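Asks: entry.txt is reproduced below (compact mmCIF, N, CA and C atoms).
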```
# COMPACT_ATOMS: atom_id res chain seq x y z
N MET B 1 0.84 -1.18 0.00
CA MET B 1 0.00 0.00 0.00
C MET B 1 0.89 1.24 0.00
N PHE B 2 0.60 2.17 -0.89
CA PHE B 2 1.35 3.42 -0.98
C PHE B 2 0.88 4.39 0.10
N SER B 3 1.81 5.19 0.62
CA SER B 3 1.47 6.13 1.68
C SER B 3 2.15 7.48 1.44
N LEU B 4 1.43 8.56 1.74
CA LEU B 4 1.94 9.92 1.59
C LEU B 4 1.68 10.68 2.88
N ALA B 5 2.71 11.35 3.38
CA ALA B 5 2.54 12.21 4.56
C ALA B 5 2.01 13.57 4.11
N VAL B 6 0.98 14.05 4.79
CA VAL B 6 0.37 15.34 4.48
C VAL B 6 0.21 16.13 5.78
N ARG B 7 0.72 17.33 5.80
CA ARG B 7 0.56 18.23 6.94
C ARG B 7 -0.71 19.05 6.75
N VAL B 8 -1.49 19.22 7.80
CA VAL B 8 -2.69 20.05 7.74
C VAL B 8 -2.29 21.50 7.97
N TYR B 9 -2.60 22.34 6.99
CA TYR B 9 -2.33 23.77 7.10
C TYR B 9 -3.61 24.51 7.48
N TRP B 10 -3.44 25.74 7.93
CA TRP B 10 -4.59 26.54 8.34
C TRP B 10 -5.62 26.64 7.21
N GLU B 11 -5.14 26.76 5.98
CA GLU B 11 -6.05 26.89 4.84
C GLU B 11 -6.92 25.65 4.64
N ASP B 12 -6.55 24.52 5.23
CA ASP B 12 -7.31 23.28 5.10
C ASP B 12 -8.46 23.19 6.09
N THR B 13 -8.50 24.12 7.05
CA THR B 13 -9.45 24.00 8.16
C THR B 13 -10.58 25.02 8.08
N ASP B 14 -11.59 24.77 8.88
CA ASP B 14 -12.68 25.73 9.02
C ASP B 14 -12.36 26.66 10.20
N ALA B 15 -13.31 27.47 10.58
CA ALA B 15 -13.07 28.45 11.64
C ALA B 15 -12.73 27.81 12.98
N GLY B 16 -13.10 26.54 13.15
CA GLY B 16 -12.81 25.84 14.41
C GLY B 16 -11.49 25.10 14.40
N GLY B 17 -10.73 25.23 13.31
CA GLY B 17 -9.44 24.54 13.23
C GLY B 17 -9.54 23.07 12.85
N VAL B 18 -10.72 22.64 12.37
CA VAL B 18 -10.95 21.26 11.95
C VAL B 18 -10.91 21.22 10.43
N VAL B 19 -10.32 20.18 9.87
CA VAL B 19 -10.24 20.05 8.42
C VAL B 19 -11.65 20.03 7.82
N TYR B 20 -11.85 20.90 6.85
CA TYR B 20 -13.11 20.98 6.11
C TYR B 20 -13.30 19.67 5.35
N TYR B 21 -14.52 19.13 5.36
CA TYR B 21 -14.76 17.78 4.86
C TYR B 21 -14.27 17.56 3.43
N ALA B 22 -14.43 18.54 2.54
CA ALA B 22 -14.03 18.36 1.14
C ALA B 22 -12.52 18.26 0.99
N ASN B 23 -11.76 18.76 1.94
CA ASN B 23 -10.31 18.73 1.83
C ASN B 23 -9.74 17.33 2.01
N TYR B 24 -10.49 16.43 2.65
CA TYR B 24 -10.04 15.04 2.72
C TYR B 24 -9.92 14.48 1.30
N LEU B 25 -10.84 14.87 0.42
CA LEU B 25 -10.78 14.42 -0.97
C LEU B 25 -9.55 14.98 -1.67
N ARG B 26 -9.18 16.22 -1.35
CA ARG B 26 -7.96 16.80 -1.93
C ARG B 26 -6.73 16.03 -1.47
N PHE B 27 -6.68 15.67 -0.20
CA PHE B 27 -5.54 14.90 0.31
C PHE B 27 -5.46 13.54 -0.40
N MET B 28 -6.60 12.92 -0.62
CA MET B 28 -6.63 11.63 -1.31
C MET B 28 -6.19 11.77 -2.76
N GLU B 29 -6.59 12.85 -3.40
CA GLU B 29 -6.17 13.10 -4.79
C GLU B 29 -4.65 13.23 -4.87
N ARG B 30 -4.07 13.97 -3.93
CA ARG B 30 -2.61 14.11 -3.90
C ARG B 30 -1.94 12.75 -3.77
N ALA B 31 -2.47 11.92 -2.89
CA ALA B 31 -1.88 10.60 -2.68
C ALA B 31 -1.97 9.75 -3.95
N ARG B 32 -3.11 9.81 -4.65
CA ARG B 32 -3.23 9.05 -5.89
C ARG B 32 -2.25 9.54 -6.94
N SER B 33 -2.07 10.86 -7.02
CA SER B 33 -1.10 11.40 -7.98
C SER B 33 0.31 10.94 -7.66
N GLU B 34 0.67 10.95 -6.39
CA GLU B 34 2.01 10.50 -5.98
C GLU B 34 2.16 8.99 -6.16
N TRP B 35 1.10 8.26 -5.97
CA TRP B 35 1.11 6.81 -6.19
C TRP B 35 1.45 6.52 -7.65
N LEU B 36 0.76 7.21 -8.57
CA LEU B 36 1.06 7.02 -9.99
C LEU B 36 2.49 7.47 -10.31
N ARG B 37 2.89 8.58 -9.75
CA ARG B 37 4.26 9.08 -9.97
C ARG B 37 5.28 8.04 -9.49
N GLY B 38 5.02 7.45 -8.34
CA GLY B 38 5.92 6.43 -7.80
C GLY B 38 6.00 5.19 -8.68
N LEU B 39 4.95 4.96 -9.44
CA LEU B 39 4.95 3.83 -10.38
C LEU B 39 5.60 4.19 -11.71
N GLY B 40 5.99 5.47 -11.84
CA GLY B 40 6.67 5.91 -13.06
C GLY B 40 5.78 6.59 -14.08
N PHE B 41 4.60 7.03 -13.66
CA PHE B 41 3.65 7.63 -14.59
C PHE B 41 3.22 9.01 -14.11
N GLU B 42 3.55 10.01 -14.91
CA GLU B 42 3.12 11.38 -14.63
C GLU B 42 1.81 11.62 -15.38
N GLN B 43 0.85 12.24 -14.72
CA GLN B 43 -0.46 12.42 -15.34
C GLN B 43 -0.43 13.33 -16.56
N ASP B 44 0.44 14.35 -16.54
CA ASP B 44 0.52 15.21 -17.72
C ASP B 44 1.13 14.46 -18.90
N GLN B 45 2.06 13.55 -18.64
CA GLN B 45 2.64 12.76 -19.72
C GLN B 45 1.61 11.76 -20.27
N LEU B 46 0.80 11.18 -19.39
CA LEU B 46 -0.26 10.29 -19.86
C LEU B 46 -1.21 11.05 -20.79
N ARG B 47 -1.52 12.29 -20.42
CA ARG B 47 -2.40 13.11 -21.25
C ARG B 47 -1.73 13.46 -22.59
N ASP B 48 -0.48 13.92 -22.51
CA ASP B 48 0.20 14.39 -23.72
C ASP B 48 0.66 13.27 -24.64
N GLU B 49 1.12 12.16 -24.07
CA GLU B 49 1.69 11.08 -24.88
C GLU B 49 0.71 9.97 -25.20
N ALA B 50 -0.14 9.62 -24.25
CA ALA B 50 -1.10 8.52 -24.48
C ALA B 50 -2.50 9.05 -24.79
N GLY B 51 -2.71 10.35 -24.55
CA GLY B 51 -4.01 10.94 -24.86
C GLY B 51 -5.11 10.57 -23.89
N VAL B 52 -4.73 10.20 -22.65
CA VAL B 52 -5.74 9.80 -21.67
C VAL B 52 -5.53 10.54 -20.35
N VAL B 53 -6.63 10.67 -19.63
CA VAL B 53 -6.60 11.20 -18.27
C VAL B 53 -7.52 10.32 -17.42
N PHE B 54 -7.34 10.41 -16.11
CA PHE B 54 -8.20 9.67 -15.20
C PHE B 54 -9.17 10.64 -14.54
N VAL B 55 -10.42 10.23 -14.47
CA VAL B 55 -11.44 11.02 -13.79
C VAL B 55 -12.05 10.18 -12.67
N VAL B 56 -12.49 10.84 -11.63
CA VAL B 56 -13.15 10.15 -10.53
C VAL B 56 -14.59 9.89 -10.96
N ARG B 57 -14.96 8.64 -10.96
CA ARG B 57 -16.33 8.23 -11.34
C ARG B 57 -17.21 8.11 -10.10
N ARG B 58 -16.61 7.63 -9.01
CA ARG B 58 -17.38 7.39 -7.80
C ARG B 58 -16.47 7.47 -6.59
N VAL B 59 -16.99 8.06 -5.52
CA VAL B 59 -16.30 8.07 -4.23
C VAL B 59 -17.32 7.75 -3.16
N GLU B 60 -16.95 6.83 -2.30
CA GLU B 60 -17.74 6.56 -1.10
C GLU B 60 -16.79 6.77 0.07
N ILE B 61 -17.12 7.73 0.94
CA ILE B 61 -16.20 8.10 2.01
C ILE B 61 -16.92 8.08 3.35
N ASP B 62 -16.21 7.59 4.35
CA ASP B 62 -16.68 7.63 5.73
C ASP B 62 -15.73 8.50 6.52
N TYR B 63 -16.30 9.50 7.20
CA TYR B 63 -15.53 10.38 8.07
C TYR B 63 -15.65 9.83 9.48
N LEU B 64 -14.54 9.47 10.09
CA LEU B 64 -14.56 8.76 11.36
C LEU B 64 -14.12 9.61 12.55
N ALA B 65 -13.21 10.54 12.31
CA ALA B 65 -12.70 11.42 13.38
C ALA B 65 -12.11 12.65 12.71
N PRO B 66 -12.09 13.78 13.41
CA PRO B 66 -11.60 15.00 12.78
C PRO B 66 -10.08 15.10 12.74
N ALA B 67 -9.59 15.67 11.64
CA ALA B 67 -8.19 16.09 11.57
C ALA B 67 -8.18 17.57 11.90
N ARG B 68 -7.08 18.01 12.49
CA ARG B 68 -7.00 19.40 12.95
C ARG B 68 -5.74 20.07 12.44
N PHE B 69 -5.74 21.39 12.57
CA PHE B 69 -4.60 22.19 12.17
C PHE B 69 -3.31 21.61 12.71
N ASN B 70 -2.32 21.52 11.84
CA ASN B 70 -0.95 21.09 12.13
C ASN B 70 -0.78 19.59 12.33
N ASP B 71 -1.86 18.81 12.20
CA ASP B 71 -1.72 17.35 12.26
C ASP B 71 -0.85 16.87 11.10
N LEU B 72 -0.11 15.82 11.34
CA LEU B 72 0.62 15.13 10.28
C LEU B 72 -0.17 13.87 9.97
N LEU B 73 -0.67 13.79 8.76
CA LEU B 73 -1.55 12.70 8.35
C LEU B 73 -0.81 11.73 7.43
N ASP B 74 -1.25 10.50 7.47
CA ASP B 74 -0.78 9.47 6.57
C ASP B 74 -1.94 9.15 5.64
N VAL B 75 -1.76 9.42 4.34
CA VAL B 75 -2.82 9.20 3.36
C VAL B 75 -2.38 8.04 2.48
N SER B 76 -3.14 6.96 2.48
CA SER B 76 -2.71 5.76 1.76
C SER B 76 -3.62 5.44 0.59
N VAL B 77 -3.05 4.68 -0.35
CA VAL B 77 -3.75 4.22 -1.55
C VAL B 77 -3.42 2.75 -1.72
N GLY B 78 -4.44 1.94 -1.88
CA GLY B 78 -4.25 0.53 -2.15
C GLY B 78 -5.14 0.07 -3.29
N LEU B 79 -4.57 -0.66 -4.21
CA LEU B 79 -5.34 -1.17 -5.34
C LEU B 79 -6.34 -2.22 -4.87
N VAL B 80 -7.57 -2.09 -5.34
CA VAL B 80 -8.60 -3.09 -5.08
C VAL B 80 -8.83 -3.92 -6.34
N ASP B 81 -8.94 -3.22 -7.49
CA ASP B 81 -9.19 -3.91 -8.75
C ASP B 81 -8.78 -3.00 -9.90
N ALA B 82 -8.31 -3.60 -10.98
CA ALA B 82 -7.98 -2.85 -12.19
C ALA B 82 -8.59 -3.58 -13.38
N GLY B 83 -9.38 -2.84 -14.14
CA GLY B 83 -10.00 -3.40 -15.34
C GLY B 83 -9.42 -2.75 -16.58
N ARG B 84 -10.10 -2.92 -17.71
CA ARG B 84 -9.61 -2.35 -18.97
C ARG B 84 -9.68 -0.83 -18.99
N VAL B 85 -10.72 -0.27 -18.33
CA VAL B 85 -10.89 1.19 -18.36
C VAL B 85 -11.03 1.82 -16.98
N SER B 86 -11.05 1.02 -15.93
CA SER B 86 -11.24 1.60 -14.60
C SER B 86 -10.31 0.97 -13.57
N ILE B 87 -10.08 1.74 -12.53
CA ILE B 87 -9.25 1.32 -11.40
C ILE B 87 -10.04 1.60 -10.13
N ASP B 88 -10.14 0.62 -9.25
CA ASP B 88 -10.76 0.82 -7.95
C ASP B 88 -9.66 0.80 -6.90
N VAL B 89 -9.66 1.81 -6.04
CA VAL B 89 -8.68 1.88 -4.96
C VAL B 89 -9.38 2.10 -3.63
N ALA B 90 -8.71 1.66 -2.57
CA ALA B 90 -9.14 1.95 -1.20
C ALA B 90 -8.17 2.98 -0.65
N GLN B 91 -8.71 3.97 0.02
CA GLN B 91 -7.86 5.01 0.59
C GLN B 91 -8.21 5.22 2.06
N ARG B 92 -7.17 5.56 2.83
CA ARG B 92 -7.34 5.84 4.25
C ARG B 92 -6.57 7.10 4.60
N ILE B 93 -7.08 7.82 5.56
CA ILE B 93 -6.35 8.93 6.16
C ILE B 93 -6.26 8.64 7.64
N GLU B 94 -5.02 8.61 8.13
CA GLU B 94 -4.79 8.28 9.54
C GLU B 94 -3.87 9.29 10.18
N ARG B 95 -4.04 9.47 11.46
CA ARG B 95 -3.14 10.27 12.28
C ARG B 95 -2.64 9.31 13.35
N GLY B 96 -1.38 8.86 13.17
CA GLY B 96 -0.88 7.82 14.07
C GLY B 96 -1.77 6.60 13.95
N PRO B 97 -2.18 6.02 15.08
CA PRO B 97 -3.01 4.82 15.03
C PRO B 97 -4.51 5.10 14.80
N THR B 98 -4.88 6.38 14.71
CA THR B 98 -6.30 6.73 14.59
C THR B 98 -6.70 6.92 13.13
N ARG B 99 -7.65 6.14 12.68
CA ARG B 99 -8.17 6.30 11.32
C ARG B 99 -9.20 7.43 11.34
N LEU B 100 -8.97 8.42 10.47
CA LEU B 100 -9.83 9.59 10.41
C LEU B 100 -10.88 9.50 9.30
N ALA B 101 -10.50 8.88 8.19
CA ALA B 101 -11.42 8.74 7.06
C ALA B 101 -10.99 7.55 6.24
N GLN B 102 -11.96 6.96 5.56
CA GLN B 102 -11.67 5.86 4.63
C GLN B 102 -12.62 5.99 3.46
N ALA B 103 -12.10 5.63 2.28
CA ALA B 103 -12.90 5.80 1.07
C ALA B 103 -12.61 4.70 0.06
N SER B 104 -13.61 4.43 -0.76
CA SER B 104 -13.39 3.63 -1.95
C SER B 104 -13.61 4.57 -3.13
N VAL B 105 -12.70 4.48 -4.10
CA VAL B 105 -12.70 5.41 -5.22
C VAL B 105 -12.60 4.62 -6.52
N ARG B 106 -13.46 4.95 -7.47
CA ARG B 106 -13.36 4.37 -8.81
C ARG B 106 -12.87 5.46 -9.75
N LEU B 107 -11.76 5.17 -10.42
CA LEU B 107 -11.19 6.06 -11.42
C LEU B 107 -11.45 5.46 -12.79
N VAL B 108 -11.82 6.31 -13.75
CA VAL B 108 -12.06 5.84 -15.10
C VAL B 108 -11.08 6.55 -16.03
N CYS B 109 -10.48 5.77 -16.91
CA CYS B 109 -9.58 6.31 -17.92
C CYS B 109 -10.44 6.81 -19.08
N VAL B 110 -10.20 8.07 -19.47
CA VAL B 110 -10.96 8.64 -20.58
C VAL B 110 -10.02 9.28 -21.59
N ASP B 111 -10.50 9.34 -22.82
CA ASP B 111 -9.79 10.05 -23.88
C ASP B 111 -9.72 11.52 -23.48
N ALA B 112 -8.54 12.10 -23.49
CA ALA B 112 -8.34 13.47 -23.01
C ALA B 112 -9.08 14.51 -23.84
N ALA B 113 -9.34 14.24 -25.09
CA ALA B 113 -10.01 15.20 -25.95
C ALA B 113 -11.53 15.09 -25.89
N ARG B 114 -12.04 13.86 -25.84
CA ARG B 114 -13.50 13.65 -25.91
C ARG B 114 -14.14 13.29 -24.58
N PHE B 115 -13.34 12.94 -23.60
CA PHE B 115 -13.82 12.50 -22.29
C PHE B 115 -14.78 11.31 -22.39
N LYS B 116 -14.45 10.42 -23.30
CA LYS B 116 -15.16 9.15 -23.43
C LYS B 116 -14.24 8.06 -22.89
N PRO B 117 -14.80 6.97 -22.33
CA PRO B 117 -13.96 5.90 -21.78
C PRO B 117 -12.92 5.42 -22.79
N ALA B 118 -11.71 5.15 -22.27
CA ALA B 118 -10.60 4.68 -23.10
C ALA B 118 -9.86 3.60 -22.33
N LYS B 119 -9.20 2.72 -23.06
CA LYS B 119 -8.40 1.68 -22.41
C LYS B 119 -7.24 2.30 -21.64
N ILE B 120 -7.00 1.75 -20.47
CA ILE B 120 -5.83 2.15 -19.69
C ILE B 120 -4.59 1.70 -20.47
N PRO B 121 -3.59 2.57 -20.63
CA PRO B 121 -2.37 2.16 -21.35
C PRO B 121 -1.80 0.87 -20.75
N ALA B 122 -1.40 -0.03 -21.63
CA ALA B 122 -0.95 -1.37 -21.21
C ALA B 122 0.18 -1.32 -20.19
N ALA B 123 1.15 -0.45 -20.39
CA ALA B 123 2.28 -0.36 -19.45
C ALA B 123 1.82 0.05 -18.06
N LEU B 124 0.87 0.97 -17.99
CA LEU B 124 0.34 1.41 -16.70
C LEU B 124 -0.46 0.30 -16.05
N LEU B 125 -1.31 -0.34 -16.81
CA LEU B 125 -2.12 -1.43 -16.28
C LEU B 125 -1.24 -2.56 -15.75
N GLN B 126 -0.18 -2.86 -16.47
CA GLN B 126 0.74 -3.90 -16.05
C GLN B 126 1.42 -3.51 -14.73
N GLN B 127 1.87 -2.27 -14.63
CA GLN B 127 2.56 -1.80 -13.43
C GLN B 127 1.62 -1.77 -12.23
N ILE B 128 0.40 -1.27 -12.43
CA ILE B 128 -0.58 -1.21 -11.35
C ILE B 128 -0.93 -2.61 -10.86
N SER B 129 -1.08 -3.56 -11.80
CA SER B 129 -1.46 -4.92 -11.44
C SER B 129 -0.41 -5.64 -10.62
N ARG B 130 0.82 -5.16 -10.65
CA ARG B 130 1.90 -5.76 -9.85
C ARG B 130 1.85 -5.36 -8.38
N GLN B 131 1.02 -4.36 -8.06
CA GLN B 131 0.96 -3.85 -6.69
C GLN B 131 0.32 -4.87 -5.78
N PRO B 132 0.88 -4.99 -4.58
CA PRO B 132 0.30 -5.95 -3.62
C PRO B 132 -1.04 -5.49 -3.11
```
Could I get this file's structure written as structure tokens?

Replies:
Amino acid sequence: MFSLAVRVYWEDTDAGGVVYYANYLRFMERARSEWLRGLGFEQDQLRDEAGVVFVVRRVEIDYLAPARFNDLLDVSVGLVDAGRVSIDVAQRIERGPTRLAQASVRLVCVDAARFKPAKIPAALLQQISRQP
């Protein structure tokens, strides 16, 4: 499972110093981008060279405990399933041993120009499928 450390900044919080609910999705997006980067795939290169981008098709998220200003979070990404045009991942946000949020996310590969479903590039699919 891939993991990214994320610090909570003041801009991530509401007036009470608690992370605004939508920002958990931003943290998860960052982790997915770094996960792909760690596998050797930059999203702008996928767009420019393969003509594809990934879009979020579905997110199901459970908020379990609040993150607060200055917390150091661990945001993880784990492959659940990879098909011809979609990838399902499980994501968690934790602060130490405390799980703050968990989500299942479906990403769909689409043609960058038409935004219609497209096959995931073979090299990427092969690399993703090797993940434990």

Asks: Would you please work out which residue, of B:Phe115, B:Phe2, B:Tyr24, B:Trp10, is nearest to B:Leu64 when using only C-alpha atoms?

Replies: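 Of all the options, B:Tyr24 lies closest to B:Leu64.
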
Asks: Env of B:Leu72: 10 Å cut, atoms = only C-alpha atoms, seq-sep filter 4 positions within chain, self excluded. Answer as a PyMOL selection string.

Replies: chain B and resi 5-9+67-68+94-96

Asks: Give me the residues within 6.5 Å of B:Leu4 as number ranges by chain, counting only N, CA and C atoms and dropping any in the same chain fewer than 6 places off.

Replies: B: 31, 73-77

Asks: Please report the interatomic distance between atom C of B:Asn23 and atom N of B:Arg106 in Å with one decimal.

Replies: 16.0 Å

Asks: Leaving out stretch 122-127 of chain B and any residue of its chain fewer than 5 positions from it, which residues lie within 10 Å of it when counting only C-alpha atoms, given as a list in words?

Replies: Leu36, Leu39, Gly40, Phe41, Leu46, Ala82, Gly83, Arg84, Val85, Ser86 and Ile87 of chain B

Asks: I want to know what sits within 12 Å of B:Met1, based on only C-alpha atoms, with residues of the same chain fewer than 4 positions away left out; could you give that as a list in words?

Replies: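 Counting only C-alpha atoms, the residues come to Ala31, Arg32, Trp35, Gly38, Asp74, Val75, Ser76, Val77, Gly78, Leu79, Val80, Val89, Ala90, Gln91, Arg92, Ile128, Arg130, Gln131 and Pro132 of chain B.
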
Asks: Take atom CA of B:Pro117 and atom CA of B:Arg57 and report the distance between them in Å, one decimal.

Replies: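 So the two atoms, atom CA of B:Pro117 and atom CA of B:Arg57, lie 11.0 Å apart.
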
Asks: At what distance in Å, to one decimal, does atom N of B:Pro66 lie from atom CA of B:Gly17?

Replies: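 Value for the atom CA of B:Gly17-atom N of B:Pro66 distance: 11.1 Å.
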
Asks: Identify all residues of stretch 11-122 of chain B in strand (DSSP E or B) (DSSP on the backbone) and supply them as a VMD selection string.

Replies: chain B and resid 13 18 to 19 52 to 63 68 72 to 82 86 to 95 98 to 111 117

Asks: Among the residues of stretch 97-126 of chain B, find those DSSP assigns to helix (DSSP H, G or I) from the backbone and print them as an MDAnalysis selection string.

Replies: chainID B and resid 122:126

Asks: If I only have part of stretch 110-120 of chain B, can you fill in all heavy atoms and write it as a CSV table (one decimal), keeping the file's coordinate frame?

Replies:
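Full text of part-v9.csv as output:
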```csv
chain,number,residue,atom,x,y,z
B,110,VAL,N,-10.2,8.1,-19.5
B,110,VAL,CA,-11.0,8.6,-20.6
B,110,VAL,C,-10.0,9.3,-21.6
B,110,VAL,O,-8.9,9.7,-21.3
B,110,VAL,CB,-12.0,9.7,-20.1
B,110,VAL,CG1,-13.0,9.1,-19.2
B,110,VAL,CG2,-11.3,10.9,-19.5
B,111,ASP,N,-10.5,9.3,-22.8
B,111,ASP,CA,-9.8,10.0,-23.9
B,111,ASP,C,-9.7,11.5,-23.5
B,111,ASP,O,-10.7,12.1,-23.2
B,111,ASP,CB,-10.6,9.9,-25.2
B,111,ASP,CG,-9.9,10.6,-26.3
B,111,ASP,OD1,-10.2,11.8,-26.4
B,111,ASP,OD2,-9.2,10.0,-27.1
B,112,ALA,N,-8.5,12.1,-23.5
B,112,ALA,CA,-8.3,13.5,-23.0
B,112,ALA,C,-9.1,14.5,-23.8
B,112,ALA,O,-9.5,15.6,-23.3
B,112,ALA,CB,-6.8,13.8,-23.0
B,113,ALA,N,-9.3,14.2,-25.1
B,113,ALA,CA,-10.0,15.2,-26.0
B,113,ALA,C,-11.5,15.1,-25.9
B,113,ALA,O,-12.2,16.1,-25.9
B,113,ALA,CB,-9.5,15.0,-27.4
B,114,ARG,N,-12.0,13.9,-25.8
B,114,ARG,CA,-13.5,13.6,-25.9
B,114,ARG,C,-14.1,13.3,-24.6
B,114,ARG,O,-15.4,13.3,-24.5
B,114,ARG,CB,-13.8,12.6,-26.9
B,114,ARG,CG,-13.3,12.9,-28.3
B,114,ARG,CD,-13.5,11.7,-29.3
B,114,ARG,NE,-12.9,10.6,-28.6
B,114,ARG,CZ,-13.2,9.3,-28.9
B,114,ARG,NH1,-14.0,9.0,-29.9
B,114,ARG,NH2,-12.7,8.3,-28.3
B,115,PHE,N,-13.3,12.9,-23.6
B,115,PHE,CA,-13.8,12.5,-22.3
B,115,PHE,C,-14.8,11.3,-22.4
B,115,PHE,O,-15.7,11.2,-21.6
B,115,PHE,CB,-14.4,13.7,-21.5
B,115,PHE,CG,-13.4,14.4,-20.7
B,115,PHE,CD1,-12.5,15.2,-21.3
B,115,PHE,CD2,-13.2,14.2,-19.3
B,115,PHE,CE1,-11.5,15.9,-20.7
B,115,PHE,CE2,-12.3,14.9,-18.6
B,115,PHE,CZ,-11.4,15.7,-19.3
B,116,LYS,N,-14.4,10.4,-23.3
B,116,LYS,CA,-15.2,9.2,-23.4
B,116,LYS,C,-14.2,8.1,-22.9
B,116,LYS,O,-13.0,8.2,-23.0
B,116,LYS,CB,-15.5,8.9,-24.9
B,116,LYS,CG,-16.4,9.9,-25.5
B,116,LYS,CD,-17.8,9.8,-25.0
B,116,LYS,CE,-18.7,10.8,-25.7
B,116,LYS,NZ,-20.0,10.9,-25.1
B,117,PRO,N,-14.8,7.0,-22.3
B,117,PRO,CA,-14.0,5.9,-21.8
B,117,PRO,C,-12.9,5.4,-22.8
B,117,PRO,O,-13.2,5.3,-24.0
B,117,PRO,CB,-15.0,4.8,-21.5
B,117,PRO,CG,-16.2,5.5,-21.2
B,117,PRO,CD,-16.2,6.7,-22.2
B,118,ALA,N,-11.7,5.2,-22.3
B,118,ALA,CA,-10.6,4.7,-23.1
B,118,ALA,C,-9.9,3.6,-22.3
B,118,ALA,O,-9.9,3.6,-21.1
B,118,ALA,CB,-9.7,5.8,-23.4
B,119,LYS,N,-9.2,2.7,-23.1
B,119,LYS,CA,-8.4,1.7,-22.4
B,119,LYS,C,-7.2,2.3,-21.6
B,119,LYS,O,-6.6,3.2,-22.1
B,119,LYS,CB,-7.8,0.7,-23.4
B,119,LYS,CG,-8.9,-0.2,-24.0
B,119,LYS,CD,-8.2,-1.2,-25.0
B,119,LYS,CE,-9.3,-2.1,-25.6
B,119,LYS,NZ,-8.7,-3.1,-26.5
B,120,ILE,N,-7.0,1.8,-20.5
B,120,ILE,CA,-5.8,2.2,-19.7
B,120,ILE,C,-4.6,1.7,-20.5
B,120,ILE,O,-4.5,0.6,-21.0
B,120,ILE,CB,-5.9,1.5,-18.3
B,120,ILE,CG1,-7.1,2.0,-17.5
B,120,ILE,CG2,-4.6,1.8,-17.5
B,120,ILE,CD1,-7.3,1.2,-16.2
```
